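To start, the structure itself, in C-alpha cells.
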Amino acid sequence: MSDPPDPDSYGRVTNPERYAPLHEFAQSALDDVLARDDAGAEPVDGQLRRGRLVRVCPRSGGGGCIAFEVTPFPGVRLHVGRWHTYHFPRCGCDACDEQLAELEDEMTDLIDAFVGGRFTEFLDGGRLGHSWSSRSGSRRGWSELPASDARRDQPAEYIEWPAWPPLTERRS
C-alpha cells in the first residue's frame, strides 16, 4: 500500500504536458474507428487539433455517435451517446497522478464498448447513468442531476446503443 499524496499536491499541476500524447493517441483511435467501422466523421478531414471536436457516427444500423475532442489542458474528452462525456485525464493534478498508459487503455475500452454495442445509458427521475463492458471488465455508475437541470423533468429513458456495422459489410 502506498502513502497518501502530499496534501499540497491536490490542485497543483506541475507538468500538464505529460498528457500531450493523449492527443496523438485519440487521433490514432479515431483513425482506427474510421478504418474498421462503417462510419463518417465531421469535419470531413477527421483531424484532431487543440480545441477541435470530430464527431463520428455510423452510416447505418442506428448506433449512436461518438465525438473526440482535444483540449488545451492537454487532454481528451469523449462525448458518447446522448448524455455522457468522459475526460482523459479526469483531473490531471499531481496528487491524482493519472498514468498515461491507463488512460489510453480506458479510452480504448470505452470506444470499443460503445462502437461494439456494449454501452447503455439511462435517464430516470433525476438520475443519469451508464454501464459498459470491455475486455477488462464492466463499469457502471450514475449521478444525481442538479435541481436546475431540465432533464429532471424528462420522461425516463433507457438506451442500449447498438453496435456499428463493420466497414467490410458496406463494401460487400
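Residue names in the C-alpha cells use chain letters A, B, ... in the order shown, residue numbers from 1 in each chain, and ligand numbers from 1 in the order shown.
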Which residues are close to Gly116 (chain A), i.e. within 9 Å by only C-alpha atoms, leaving aside same-chain residues fewer than 6 positions away? Reply as a PyMOL selection string. chain A and resi 161-165
Those selected residues, please, written with C-alpha atoms and delivered as a compact mmCIF listing (two decimals), in the first residue's frame.
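And here is the file that came out, selection18.txt:
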```txt
# COMPACT_ATOMS: atom_id res chain seq x y z
CA TRP A 161 -26.73 1.60 -28.13
CA PRO A 162 -26.40 -0.96 -30.97
CA ALA A 163 -23.07 -1.97 -32.47
CA TRP A 164 -21.78 -0.15 -35.50
CA PRO A 165 -21.54 -2.22 -38.69
```
Could you list, with a cut-off of 12 Å and counting only C-alpha atoms, the residues of region 94-136 of chain A near region 11-17 of chain A, each shown with its nearest atom pair and the distance in Å rounded to one decimal, rows sorted by chain and ascending number, as JSON lines?
```
{"residue": "A:Asp94", "atom": "CA", "partner": "A:Val13", "partner_atom": "CA", "distance": 5.4}
{"residue": "A:Ala95", "atom": "CA", "partner": "A:Gly11", "partner_atom": "CA", "distance": 7.6}
{"residue": "A:Cys96", "atom": "CA", "partner": "A:Gly11", "partner_atom": "CA", "distance": 9.1}
{"residue": "A:Asp97", "atom": "CA", "partner": "A:Val13", "partner_atom": "CA", "distance": 9.3}
{"residue": "A:Glu98", "atom": "CA", "partner": "A:Pro16", "partner_atom": "CA", "distance": 11.0}
{"residue": "A:Leu100", "atom": "CA", "partner": "A:Glu17", "partner_atom": "CA", "distance": 11.1}
```
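In this comparison, which uses only C-alpha atoms, the residue of A:His23, A:Arg36, A:Arg152, A:Arg140 approaching Glu69 (chain A) most closely is A:His23.
Atom pair CA of Phe25 (chain A) / CA of Val76 (chain A) has a distance of 9.4 Å (rounded to one decimal).
Counting only C-alpha atoms and comparing A:Ile111, A:Cys93, A:Ala39, A:Leu103, the residue that lies closest to Arg135 (chain A) is A:Ile111.
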Looking at A:Leu22, A:Leu145, A:Ala41, A:Val115, which one is nearest to Pro166 (chain A), with distances taken over only C-alpha atoms?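 When distances to Pro166 (chain A) are compared using only C-alpha atoms, the smallest one comes from A:Val115.
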What does the distance between CA of Arg77 (chain A) and CA of Trp132 (chain A) come to in Å, to one decimal place?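 Here the two named atoms are 17.2 Å from each other.
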Could you tell me which of A:Gly117, A:Trp83, A:Ser134, A:Asp3 comes closest to Gly61 (chain A) if we count only C-alpha atoms?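 Between A:Gly117, A:Trp83, A:Ser134, A:Asp3, the residue approaching Gly61 (chain A) most closely is A:Gly117.
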Assign secondary structure with DSSP using the backbone only, and return the residues of region 102-133 of chain A in strand (DSSP E or B) as number ranges by chain. A: 119-124, 127-133
Sorted by chain and rising residue number, list the residues of region 36-81 of chain A at most 12 Å from region 157-160 of chain A (counting only C-alpha atoms), each with its closest atom pair and distance in Å to one decimal, as CSV.
```
residue,atom,partner,partner_atom,distance
A:Gly62,CA,A:Glu160,CA,10.7
A:Gly63,CA,A:Glu160,CA,9.1
A:Gly64,CA,A:Glu160,CA,9.5
A:Val80,CA,A:Ile159,CA,11.9
A:Gly81,CA,A:Ile159,CA,8.6
```
List every residue of chain A that DSSP, applied to the backbone of this structure, assigns to alpha helix (DSSP H), and report them as number ranges by chain. A: 21-36, 100-115, 167-171
Selected residues, N, CA and C atoms, written as an mmCIF file, in the first residue's frame, please.
```
data_model
loop_
_atom_site.group_PDB
_atom_site.id
_atom_site.type_symbol
_atom_site.label_atom_id
_atom_site.label_comp_id
_atom_site.auth_asym_id
_atom_site.auth_seq_id
_atom_site.Cartn_x
_atom_site.Cartn_y
_atom_site.Cartn_z
ATOM 1 N N PRO A 21 0.589 13.385 -25.129
ATOM 2 C CA PRO A 21 0.478 12.227 -26.025
ATOM 3 C C PRO A 21 -0.958 11.707 -26.193
ATOM 4 N N LEU A 22 -1.861 12.109 -25.295
ATOM 5 C CA LEU A 22 -3.261 11.694 -25.464
ATOM 6 C C LEU A 22 -3.867 12.249 -26.755
ATOM 7 N N HIS A 23 -3.391 13.407 -27.204
ATOM 8 C CA HIS A 23 -3.900 13.966 -28.455
ATOM 9 C C HIS A 23 -3.581 13.040 -29.626
ATOM 10 N N GLU A 24 -2.348 12.609 -29.712
ATOM 11 C CA GLU A 24 -1.946 11.690 -30.781
ATOM 12 C C GLU A 24 -2.662 10.349 -30.627
ATOM 13 N N PHE A 25 -2.797 9.884 -29.395
ATOM 14 C CA PHE A 25 -3.488 8.620 -29.161
ATOM 15 C C PHE A 25 -4.947 8.706 -29.613
ATOM 16 N N ALA A 26 -5.625 9.812 -29.311
ATOM 17 C CA ALA A 26 -7.018 9.992 -29.723
ATOM 18 C C ALA A 26 -7.134 10.020 -31.241
ATOM 19 N N GLN A 27 -6.179 10.676 -31.911
ATOM 20 C CA GLN A 27 -6.209 10.702 -33.371
ATOM 21 C C GLN A 27 -6.048 9.292 -33.929
ATOM 22 N N SER A 28 -5.166 8.523 -33.332
ATOM 23 C CA SER A 28 -4.963 7.139 -33.764
ATOM 24 C C SER A 28 -6.226 6.301 -33.533
ATOM 25 N N ALA A 29 -6.873 6.493 -32.389
ATOM 26 C CA ALA A 29 -8.115 5.770 -32.092
ATOM 27 C C ALA A 29 -9.209 6.164 -33.080
ATOM 28 N N LEU A 30 -9.293 7.439 -33.397
ATOM 29 C CA LEU A 30 -10.262 7.920 -34.387
ATOM 30 C C LEU A 30 -9.986 7.290 -35.746
ATOM 31 N N ASP A 31 -8.733 7.281 -36.160
ATOM 32 C CA ASP A 31 -8.362 6.667 -37.438
ATOM 33 C C ASP A 31 -8.722 5.184 -37.458
ATOM 34 N N ASP A 32 -8.498 4.489 -36.332
ATOM 35 C CA ASP A 32 -8.843 3.065 -36.243
ATOM 36 C C ASP A 32 -10.340 2.840 -36.424
ATOM 37 N N VAL A 33 -11.155 3.672 -35.774
ATOM 38 C CA VAL A 33 -12.608 3.538 -35.898
ATOM 39 C C VAL A 33 -13.026 3.734 -37.353
ATOM 40 N N LEU A 34 -12.486 4.758 -37.999
ATOM 41 C CA LEU A 34 -12.868 5.039 -39.387
ATOM 42 C C LEU A 34 -12.378 3.962 -40.347
ATOM 43 N N ALA A 35 -11.258 3.310 -40.030
ATOM 44 C CA ALA A 35 -10.738 2.236 -40.879
ATOM 45 C C ALA A 35 -11.487 0.925 -40.670
ATOM 46 N N ARG A 36 -12.056 0.734 -39.492
ATOM 47 C CA ARG A 36 -12.665 -0.532 -39.115
ATOM 48 C C ARG A 36 -14.177 -0.540 -39.263
ATOM 49 N N LEU A 100 -0.529 7.691 -18.083
ATOM 50 C CA LEU A 100 -0.857 7.756 -19.497
ATOM 51 C C LEU A 100 -1.321 6.404 -20.046
ATOM 52 N N ALA A 101 -0.615 5.340 -19.739
ATOM 53 C CA ALA A 101 -0.975 4.013 -20.261
ATOM 54 C C ALA A 101 -2.365 3.596 -19.780
ATOM 55 N N GLU A 102 -2.682 3.876 -18.529
ATOM 56 C CA GLU A 102 -4.002 3.523 -18.001
ATOM 57 C C GLU A 102 -5.103 4.349 -18.661
ATOM 58 N N LEU A 103 -4.836 5.625 -18.910
ATOM 59 C CA LEU A 103 -5.818 6.474 -19.588
ATOM 60 C C LEU A 103 -6.052 5.993 -21.019
ATOM 61 N N GLU A 104 -4.985 5.606 -21.699
ATOM 62 C CA GLU A 104 -5.109 5.096 -23.058
ATOM 63 C C GLU A 104 -5.908 3.791 -23.078
ATOM 64 N N ASP A 105 -5.640 2.904 -22.122
ATOM 65 C CA ASP A 105 -6.397 1.647 -22.036
ATOM 66 C C ASP A 105 -7.878 1.910 -21.788
ATOM 67 N N GLU A 106 -8.172 2.829 -20.868
ATOM 68 C CA GLU A 106 -9.563 3.136 -20.561
ATOM 69 C C GLU A 106 -10.269 3.773 -21.762
ATOM 70 N N MET A 107 -9.567 4.659 -22.469
ATOM 71 C CA MET A 107 -10.149 5.280 -23.649
ATOM 72 C C MET A 107 -10.444 4.215 -24.714
ATOM 73 N N THR A 108 -9.515 3.317 -24.930
ATOM 74 C CA THR A 108 -9.714 2.231 -25.895
ATOM 75 C C THR A 108 -10.897 1.366 -25.497
ATOM 76 N N ASP A 109 -10.978 0.995 -24.231
ATOM 77 C CA ASP A 109 -12.088 0.165 -23.753
ATOM 78 C C ASP A 109 -13.428 0.858 -23.954
ATOM 79 N N LEU A 110 -13.496 2.152 -23.649
ATOM 80 C CA LEU A 110 -14.742 2.892 -23.812
ATOM 81 C C LEU A 110 -15.153 2.962 -25.281
ATOM 82 N N ILE A 111 -14.221 3.293 -26.158
ATOM 83 C CA ILE A 111 -14.525 3.373 -27.585
ATOM 84 C C ILE A 111 -14.983 2.018 -28.098
ATOM 85 N N ASP A 112 -14.254 0.954 -27.756
ATOM 86 C CA ASP A 112 -14.623 -0.391 -28.209
ATOM 87 C C ASP A 112 -15.993 -0.817 -27.682
ATOM 88 N N ALA A 113 -16.289 -0.478 -26.432
ATOM 89 C CA ALA A 113 -17.592 -0.826 -25.858
ATOM 90 C C ALA A 113 -18.708 -0.086 -26.584
ATOM 91 N N PHE A 114 -18.516 1.197 -26.829
ATOM 92 C CA PHE A 114 -19.562 1.985 -27.474
ATOM 93 C C PHE A 114 -19.785 1.531 -28.912
ATOM 94 N N VAL A 115 -18.722 1.439 -29.678
ATOM 95 C CA VAL A 115 -18.825 1.031 -31.084
ATOM 96 C C VAL A 115 -19.288 -0.424 -31.191
ATOM 97 N N LEU A 167 -16.847 -1.955 -41.507
ATOM 98 C CA LEU A 167 -16.664 -1.387 -42.836
ATOM 99 C C LEU A 167 -16.783 -2.453 -43.925
ATOM 100 N N THR A 168 -16.366 -3.671 -43.648
ATOM 101 C CA THR A 168 -16.398 -4.736 -44.657
ATOM 102 C C THR A 168 -17.816 -5.062 -45.092
ATOM 103 N N GLU A 169 -18.799 -4.908 -44.211
ATOM 104 C CA GLU A 169 -20.191 -5.176 -44.594
ATOM 105 C C GLU A 169 -20.670 -4.225 -45.665
ATOM 106 N N ARG A 170 -20.224 -2.983 -45.605
ATOM 107 C CA ARG A 170 -20.668 -1.979 -46.566
ATOM 108 C C ARG A 170 -20.039 -2.223 -47.935
ATOM 109 N N ARG A 171 -18.810 -2.716 -47.945
ATOM 110 C CA ARG A 171 -18.098 -2.943 -49.214
ATOM 111 C C ARG A 171 -18.618 -4.155 -49.959
#
```
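CA of Phe68 (chain A) is found 28.4 Å from CA of Pro155 (chain A).
Comparing the minimum interatomic distances between His87 (chain A) and each of A:Ser138, A:Tyr19, A:Asp149, A:Arg118, counting only C-alpha atoms, we find that A:Tyr19 sits nearest.
Proximity to Val54 (chain A) was assessed for A:Asp38, A:His79, A:Thr85, A:Pro4 counting only C-alpha atoms; the smallest distance is recorded for A:His79.
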